[in-house]
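Data from structure_23.pdb: PDB, C-alpha atoms and all ligand atoms
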ATOM      1  CA  MET A   1       0.000   0.000   0.000
ATOM      2  CA  VAL A   2       1.080   3.557  -0.628
ATOM      3  CA  ARG A   3       1.856   5.507   2.510
ATOM      4  CA  LEU A   4      -0.212   8.505   3.430
ATOM      5  CA  ASN A   5       1.280   9.404   6.784
ATOM      6  CA  GLU A   6       0.879   6.277   8.858
ATOM      7  CA  ILE A   7       3.665   4.468  10.710
ATOM      8  CA  ARG A   8       3.852   0.770   9.921
ATOM      9  CA  GLU A   9       4.921  -2.206  12.026
ATOM     10  CA  ASN A  10       8.609  -1.932  13.113
ATOM     11  CA  GLU A  11       9.098   1.436  11.433
ATOM     12  CA  VAL A  12      11.096   4.021  13.362
ATOM     13  CA  ALA A  13      10.470   7.769  13.384
ATOM     14  CA  ILE A  14      12.878  10.238  14.950
ATOM     15  CA  THR A  15      12.512  13.805  16.153
ATOM     16  CA  PRO A  16      14.315  15.789  13.477
ATOM     17  CA  PRO A  17      16.947  18.295  14.610
ATOM     18  CA  GLU A  18      16.305  22.011  14.309
ATOM     19  CA  THR A  19      16.383  22.793  10.609
ATOM     20  CA  ALA A  20      18.982  24.921   8.893
ATOM     21  CA  ASP A  21      17.343  26.528   5.890
ATOM     22  CA  ALA A  22      19.280  25.810   2.684
ATOM     23  CA  HIS A  23      17.174  28.370   0.783
ATOM     24  CA  ILE A  24      15.857  25.968  -1.817
ATOM     25  CA  VAL A  25      13.879  27.930  -4.399
ATOM     26  CA  PHE A  26      10.982  26.312  -6.216
ATOM     27  CA  ILE A  27      11.595  27.249  -9.841
ATOM     28  CA  GLY A  28       8.437  25.804 -11.367
ATOM     29  CA  ARG A  29       5.579  23.389 -11.121
ATOM     30  CA  ILE A  30       5.007  19.920 -12.532
ATOM     31  CA  SER A  31       1.657  18.895 -14.001
ATOM     32  CA  THR A  32       0.932  15.170 -14.166
ATOM     33  CA  PRO A  33      -2.206  13.015 -14.520
ATOM     34  CA  TRP A  34      -1.902  11.843 -10.892
ATOM     35  CA  THR A  35      -3.766  13.496  -8.033
ATOM     36  CA  SER A  36      -3.400  10.664  -5.508
ATOM     37  CA  ARG A  37      -0.296   8.937  -4.178
ATOM     38  CA  MET A  38      -2.274   5.702  -4.441
ATOM     39  CA  GLU A  39      -2.122   5.945  -8.256
ATOM     40  CA  THR A  40       1.227   7.581  -8.950
ATOM     41  CA  PRO A  41       3.870   5.263 -10.453
ATOM     42  CA  ARG A  42       6.577   4.056  -8.075
ATOM     43  CA  GLN A  43       9.116   5.054 -10.743
ATOM     44  CA  GLY A  44       8.534   6.913 -13.983
ATOM     45  CA  ARG A  45       9.019   5.168 -17.320
ATOM     46  CA  PRO A  46      10.187   6.527 -20.667
ATOM     47  CA  ASP A  47       6.964   5.400 -22.334
ATOM     48  CA  GLY A  48       4.761   6.854 -19.580
ATOM     49  CA  PRO A  49       2.260   9.679 -20.114
ATOM     50  CA  VAL A  50       3.458  13.088 -21.277
ATOM     51  CA  CYS A  51       3.692  15.478 -18.318
ATOM     52  CA  THR A  52       4.334  19.210 -18.313
ATOM     53  CA  ILE A  53       7.040  21.067 -16.455
ATOM     54  CA  GLU A  54       6.316  24.776 -16.154
ATOM     55  CA  VAL A  55       9.314  26.964 -15.354
ATOM     56  CA  PHE A  56       8.568  30.255 -13.578
ATOM     57  CA  GLU A  57      10.124  33.645 -14.176
ATOM     58  CA  PRO A  58      12.862  34.779 -13.639
ATOM     59  CA  TRP A  59      14.262  31.327 -14.507
ATOM     60  CA  VAL A  60      12.836  30.900 -18.007
ATOM     61  CA  GLN A  61      15.941  32.131 -19.831
ATOM     62  CA  ALA A  62      17.867  29.384 -18.012
ATOM     63  CA  LEU A  63      16.168  26.909 -20.372
ATOM     64  CA  LYS A  64      18.452  28.046 -23.209
ATOM     65  CA  GLY A  65      20.174  24.961 -24.646
ATOM     66  CA  THR A  66      18.017  22.344 -22.908
ATOM     67  CA  GLU A  67      16.368  21.547 -26.263
ATOM     68  CA  ARG A  68      19.668  19.954 -27.361
ATOM     69  CA  PHE A  69      19.264  17.091 -24.893
ATOM     70  CA  GLU A  70      17.105  14.071 -25.553
ATOM     71  CA  ARG A  71      16.947  13.330 -21.836
ATOM     72  CA  LEU A  72      16.984  15.555 -18.763
ATOM     73  CA  GLU A  73      17.348  14.906 -15.080
ATOM     74  CA  VAL A  74      14.514  16.484 -13.080
ATOM     75  CA  LEU A  75      14.708  17.215  -9.359
ATOM     76  CA  TYR A  76      11.488  17.881  -7.474
ATOM     77  CA  TRP A  77      10.202  18.356  -3.949
ATOM     78  CA  LEU A  78       7.906  15.553  -2.786
ATOM     79  CA  HIS A  79       5.913  18.064  -0.796
ATOM     80  CA  GLN A  80       3.372  15.703   0.777
ATOM     81  CA  SER A  81       5.953  13.343   2.309
ATOM     82  CA  ARG A  82       6.641  12.908   5.986
ATOM     83  CA  ARG A  83      10.336  13.437   6.743
ATOM     84  CA  ASP A  84      11.046  11.686  10.011
ATOM     85  CA  LEU A  85      11.399   7.949   9.296
ATOM     86  CA  VAL A  86      14.806   6.266   9.538
ATOM     87  CA  LEU A  87      13.528   2.687   9.175
ATOM     88  CA  GLN A  88      10.740   1.962   6.702
ATOM     89  CA  SER A  89       8.652  -1.002   5.666
ATOM     90  CA  PRO A  90       7.785  -0.496   1.976
ATOM     91  CA  ALA A  91       5.962  -3.827   1.801
ATOM     92  CA  SER A  92       4.086  -3.198   5.079
ATOM     93  CA  ASN A  93       5.143  -6.652   6.265
ATOM     94  CA  GLY A  94       7.151  -5.751   9.360
ATOM     95  CA  GLU A  95      10.479  -6.031   7.516
ATOM     96  CA  VAL A  96      12.252  -2.681   7.691
ATOM     97  CA  HIS A  97      14.961  -1.031   5.569
ATOM     98  CA  GLY A  98      17.084   2.031   6.218
ATOM     99  CA  THR A  99      15.788   5.141   4.491
ATOM    100  CA  PHE A 100      19.075   5.596   2.609
ATOM    101  CA  SER A 101      18.789   2.108   1.132
ATOM    102  CA  LEU A 102      15.456   3.045  -0.456
ATOM    103  CA  ARG A 103      14.127   5.472  -3.070
ATOM    104  CA  SER A 104      11.045   6.073  -0.940
ATOM    105  CA  PRO A 105       9.583   9.601  -1.006
ATOM    106  CA  VAL A 106       9.821   9.581   2.802
ATOM    107  CA  ARG A 107      13.245  11.026   3.647
ATOM    108  CA  PRO A 108      14.755  13.930   5.602
ATOM    109  CA  ASN A 109      14.835  16.102   2.498
ATOM    110  CA  PRO A 110      12.119  14.693   0.213
ATOM    111  CA  ILE A 111      13.870  15.256  -3.101
ATOM    112  CA  GLY A 112      12.758  13.098  -6.017
ATOM    113  CA  THR A 113      14.783  12.651  -9.185
ATOM    114  CA  SER A 114      13.765  11.226 -12.551
ATOM    115  CA  ILE A 115      15.396  10.888 -15.924
ATOM    116  CA  VAL A 116      12.828  12.130 -18.424
ATOM    117  CA  VAL A 117      12.548  12.009 -22.200
ATOM    118  CA  LEU A 118      12.149  15.504 -23.607
ATOM    119  CA  GLU A 119       9.373  15.575 -26.221
ATOM    120  CA  LYS A 120       9.269  19.329 -26.900
ATOM    121  CA  ILE A 121       9.616  22.775 -25.368
ATOM    122  CA  GLU A 122       7.046  25.545 -25.864
ATOM    123  CA  GLY A 123       8.084  28.797 -24.226
ATOM    124  CA  ASN A 124       8.407  28.098 -20.506
ATOM    125  CA  ARG A 125       6.852  24.631 -20.705
ATOM    126  CA  LEU A 126       8.654  21.338 -21.232
ATOM    127  CA  PHE A 127       6.723  18.250 -22.286
ATOM    128  CA  VAL A 128       8.360  15.121 -20.915
ATOM    129  CA  ARG A 129       7.816  11.426 -20.249
ATOM    130  CA  GLY A 130       9.188   9.534 -17.264
ATOM    131  CA  LEU A 131       7.813  11.309 -14.191
ATOM    132  CA  ASP A 132       6.295   9.729 -11.099
ATOM    133  CA  CYS A 133       5.063  12.671  -9.041
ATOM    134  CA  LEU A 134       1.741  14.192  -8.063
ATOM    135  CA  ASP A 135       0.128  16.949 -10.056
ATOM    136  CA  GLY A 136       1.363  20.247  -8.595
ATOM    137  CA  THR A 137       4.708  18.943  -7.337
ATOM    138  CA  PRO A 138       7.213  21.819  -6.965
ATOM    139  CA  LEU A 139      10.212  21.820  -9.313
ATOM    140  CA  ILE A 140      13.711  22.240  -7.840
ATOM    141  CA  ASP A 141      16.077  21.866 -10.796
ATOM    142  CA  LEU A 142      16.663  20.600 -14.337
ATOM    143  CA  LYS A 143      19.965  19.235 -15.685
ATOM    144  CA  PRO A 144      21.052  17.428 -18.839
ATOM    145  CA  GLU A 145      21.117  13.683 -18.281
ATOM    146  CA  ARG A 146      24.663  12.876 -17.106
ATOM    147  CA  SER A 147      25.679  10.490 -19.894
ATOM    148  CA  LEU A 148      24.669  13.030 -22.565
ATOM    149  CA  PHE A 149      26.619  15.898 -21.021
ATOM    150  CA  LYS A 150      30.271  16.743 -21.617
ATOM    151  CA  PRO A 151      31.636  19.539 -19.417
ATOM    152  CA  ILE A 152      32.046  22.760 -21.367
ATOM    153  CA  ALA A 153      34.414  24.342 -18.851
ATOM    154  CA  PRO A 154      38.084  23.275 -19.185
ATOM    155  CA  PRO A 155      39.184  20.321 -17.026
ATOM    156  CA  GLN A 156      40.727  20.894 -13.627
ATOM    157  CA  LYS A 157      43.441  19.032 -11.697
ATOM    158  CA  GLY A 158      40.917  16.843  -9.873
ATOM    159  CA  ASP A 159      39.575  15.514 -13.165
ATOM    160  CA  PHE A 160      42.825  13.577 -13.633
ATOM    161  CA  ALA A 161      43.097  12.199 -10.078
ATOM    162  CA  THR A 162      42.713   8.429  -9.985
ATOM    163  CA  GLU A 163      43.192   5.682  -7.412
ATOM    164  CA  PRO A 164      43.027   1.907  -7.687
ATOM    165  CA  VAL A 165      39.389   0.851  -7.624
ATOM    166  CA  ARG A 166      38.245  -1.501  -4.910
ATOM    167  CA  MET A 167      34.632  -2.556  -5.156
ATOM    168  CA  CYS A 168      32.370  -1.906  -2.171
ATOM    169  CA  LYS A 169      31.440  -5.157  -0.442
ATOM    170  CA  LYS A 170      27.712  -5.760  -0.635
ATOM    171  CA  ILE A 171      26.041  -6.265   2.753
ATOM    172  CA  ASP A 172      24.437  -9.584   1.912
ATOM    173  CA  GLU A 173      27.522 -11.193   0.386
TER     174      GLU A 173
HETATM  175  N1  LIG A 201      11.740   8.814  -9.034
HETATM  176  C1  LIG A 201      11.914   9.497  -7.775
HETATM  177  C2  LIG A 201      13.179   9.020  -7.112
HETATM  178  O1  LIG A 201      13.574   7.865  -7.293
HETATM  179  O2  LIG A 201      13.807   9.821  -6.405
HETATM  180  C3  LIG A 201      10.707   9.368  -6.834
HETATM  181  C4  LIG A 201      10.365   7.944  -6.493
HETATM  182  S1  LIG A 201       9.107   7.870  -5.251
HETATM  183  C5  LIG A 201       9.165   6.130  -4.873
HETATM  184  C6  LIG A 201       7.620   8.016  -6.178
HETATM  185  C7  LIG A 201       6.429   7.961  -5.234
HETATM  186  O3  LIG A 201       6.423   9.147  -4.445
HETATM  187  C8  LIG A 201       5.111   7.949  -5.923
HETATM  188  O4  LIG A 201       4.702   6.640  -6.245
HETATM  189  C9  LIG A 201       4.179   8.578  -4.889
HETATM  190  O5  LIG A 201       3.706   7.591  -3.992
HETATM  191  C10 LIG A 201       5.090   9.510  -4.109
HETATM  192  N2  LIG A 201       4.917  10.909  -4.487
HETATM  193  C11 LIG A 201       4.881  11.426  -5.735
HETATM  194  N3  LIG A 201       4.746  12.758  -5.693
HETATM  195  C12 LIG A 201       4.712  13.101  -4.393
HETATM  196  C13 LIG A 201       4.610  14.335  -3.713
HETATM  197  N4  LIG A 201       4.517  15.490  -4.357
HETATM  198  N5  LIG A 201       4.604  14.311  -2.352
HETATM  199  C14 LIG A 201       4.708  13.132  -1.693
HETATM  200  N6  LIG A 201       4.806  11.930  -2.280
HETATM  201  C15 LIG A 201       4.824  11.914  -3.623
END

In structure tokens, what does this structure look like?
Amino acid sequence: MVRLNEIRENEVAITPPETADAHIVFIGRISTPWTSRMETPRQGRPDGPVCTIEVFEPWVQALKGTERFERLEVLYWLHQSRRDLVLQSPASNGEVHGTFSLRSPVRPNPIGTSIVVLEKIEGNRLFVRGLDCLDGTPLIDLKPERSLFKPIAPPQKGDFATEPVRMCKKIDE
């Protein structure tokens, strides 16, 4: 079941520390077909319905060049999420997982990210596929999808720094 705000068996909520405001600015609004969290996809898909991202002034001129990218990364604020769970039970079966091992919308800073397919841009509106958020979700940022982007600025020393790679051991190995 999709969470509204209930706590499930074995889940753990904490009292969050006093917040330090990072001055996140909502730069637009996302329109989707979904008005209930019970219907919204768990993850967007590239053949999902076309959704609209409206960018507000004074940010519209920042869209210059986005039309060159077939895919964009979208960051959004999952504004209806609770923010205080450290252990969560996505399957509601008593088995809990750490918040940072999940892509659940319930997290200290409820930021969602999706890779979307850009269909077209009309003025301040982008038409995209691949979202999984509620209608009216606030927009935080847009970036070219990482694999399509080559830095334009010249490289810096750190770009050439390498170390032998040792794979992270998986917990259940
Ligand atoms: N793709 C993003 C990610 O991986 O960061 C978000 C994934 S999250 C599992 C998607 C779910 O968040 C949806 O199925 C819905 O239940 C919930 N959701 C979507 N929009 C929301 C919003 N504005 N506020 C709270 N929950 C939202």

Legend entry - Pick from A:Thr113, A:Thr162, A:Asn124, A:Gln88 nearest to ligand LIG 201 (chain A), counting all atoms listed in the file: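 Distance minimum relative to ligand LIG 201 (chain A) lands on A:Thr113.
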
Legend entry - Atom-to-atom span, CA of Ser104 (chain A) and atom N6 of ligand LIG 201 (chain A), Å: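 So the two atoms, CA of Ser104 (chain A) and atom N6 of ligand LIG 201 (chain A), lie 8.7 Å apart.
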
Legend entry - Residue IDs satisfying the PyMOL selection byres (((not hetatm)) within 7 of (chain A and resi 201)), as a PyMOL selection string: chain A and resi 2+37-38+40-44+77-81+103-105+111-114+131-134+137

Inset, instruction - Let me know the residues the PyMOL selection byres (((chain A and resi 90) around 9) and not hetatm) catches in the file above, as JSON, numbers by chain. - result: {"A": [1, 2, 3, 8, 88, 89, 91, 92, 93, 95, 96, 97, 102, 104]}

Could you save those same residues with C-alpha atoms as a PDB file, in the coordinates of the input?
ATOM      1  CA  MET A   1       0.000   0.000   0.000  1.00  0.00           C
ATOM      2  CA  VAL A   2       1.080   3.557  -0.628  1.00  0.00           C
ATOM      3  CA  ARG A   3       1.856   5.507   2.510  1.00  0.00           C
ATOM      4  CA  ARG A   8       3.852   0.770   9.921  1.00  0.00           C
ATOM      5  CA  GLN A  88      10.740   1.962   6.702  1.00  0.00           C
ATOM      6  CA  SER A  89       8.652  -1.002   5.666  1.00  0.00           C
ATOM      7  CA  ALA A  91       5.962  -3.827   1.801  1.00  0.00           C
ATOM      8  CA  SER A  92       4.086  -3.198   5.079  1.00  0.00           C
ATOM      9  CA  ASN A  93       5.143  -6.652   6.265  1.00  0.00           C
ATOM     10  CA  GLU A  95      10.479  -6.031   7.516  1.00  0.00           C
ATOM     11  CA  VAL A  96      12.252  -2.681   7.691  1.00  0.00           C
ATOM     12  CA  HIS A  97      14.961  -1.031   5.569  1.00  0.00           C
ATOM     13  CA  LEU A 102      15.456   3.045  -0.456  1.00  0.00           C
ATOM     14  CA  SER A 104      11.045   6.073  -0.940  1.00  0.00           C
TER      15      SER A 104
END

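Of the residues under consideration (A:Phe26, A:Val117, A:Lys150, A:Glu163), A:Phe26 shows the shortest atom-to-atom contact distance to Pro58 (chain A) when counting all atoms listed in the file.
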
Legend entry - Option closest in space to Thr35 (chain A), from A:Asp135, A:Arg83, A:Pro144, A:Ala161 [counting only C-alpha atoms]: A:Asp135

Inset, instruction - Run the PyMOL selection byres (((chain A and resi 25) around 10) and not hetatm) on the file and write out the hits as a list in words. - result: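 Those residues are Ala22, His23, Ile24, Phe26, Ile27, Gly28, Pro138, Leu139, Ile140 and Asp141 of chain A.
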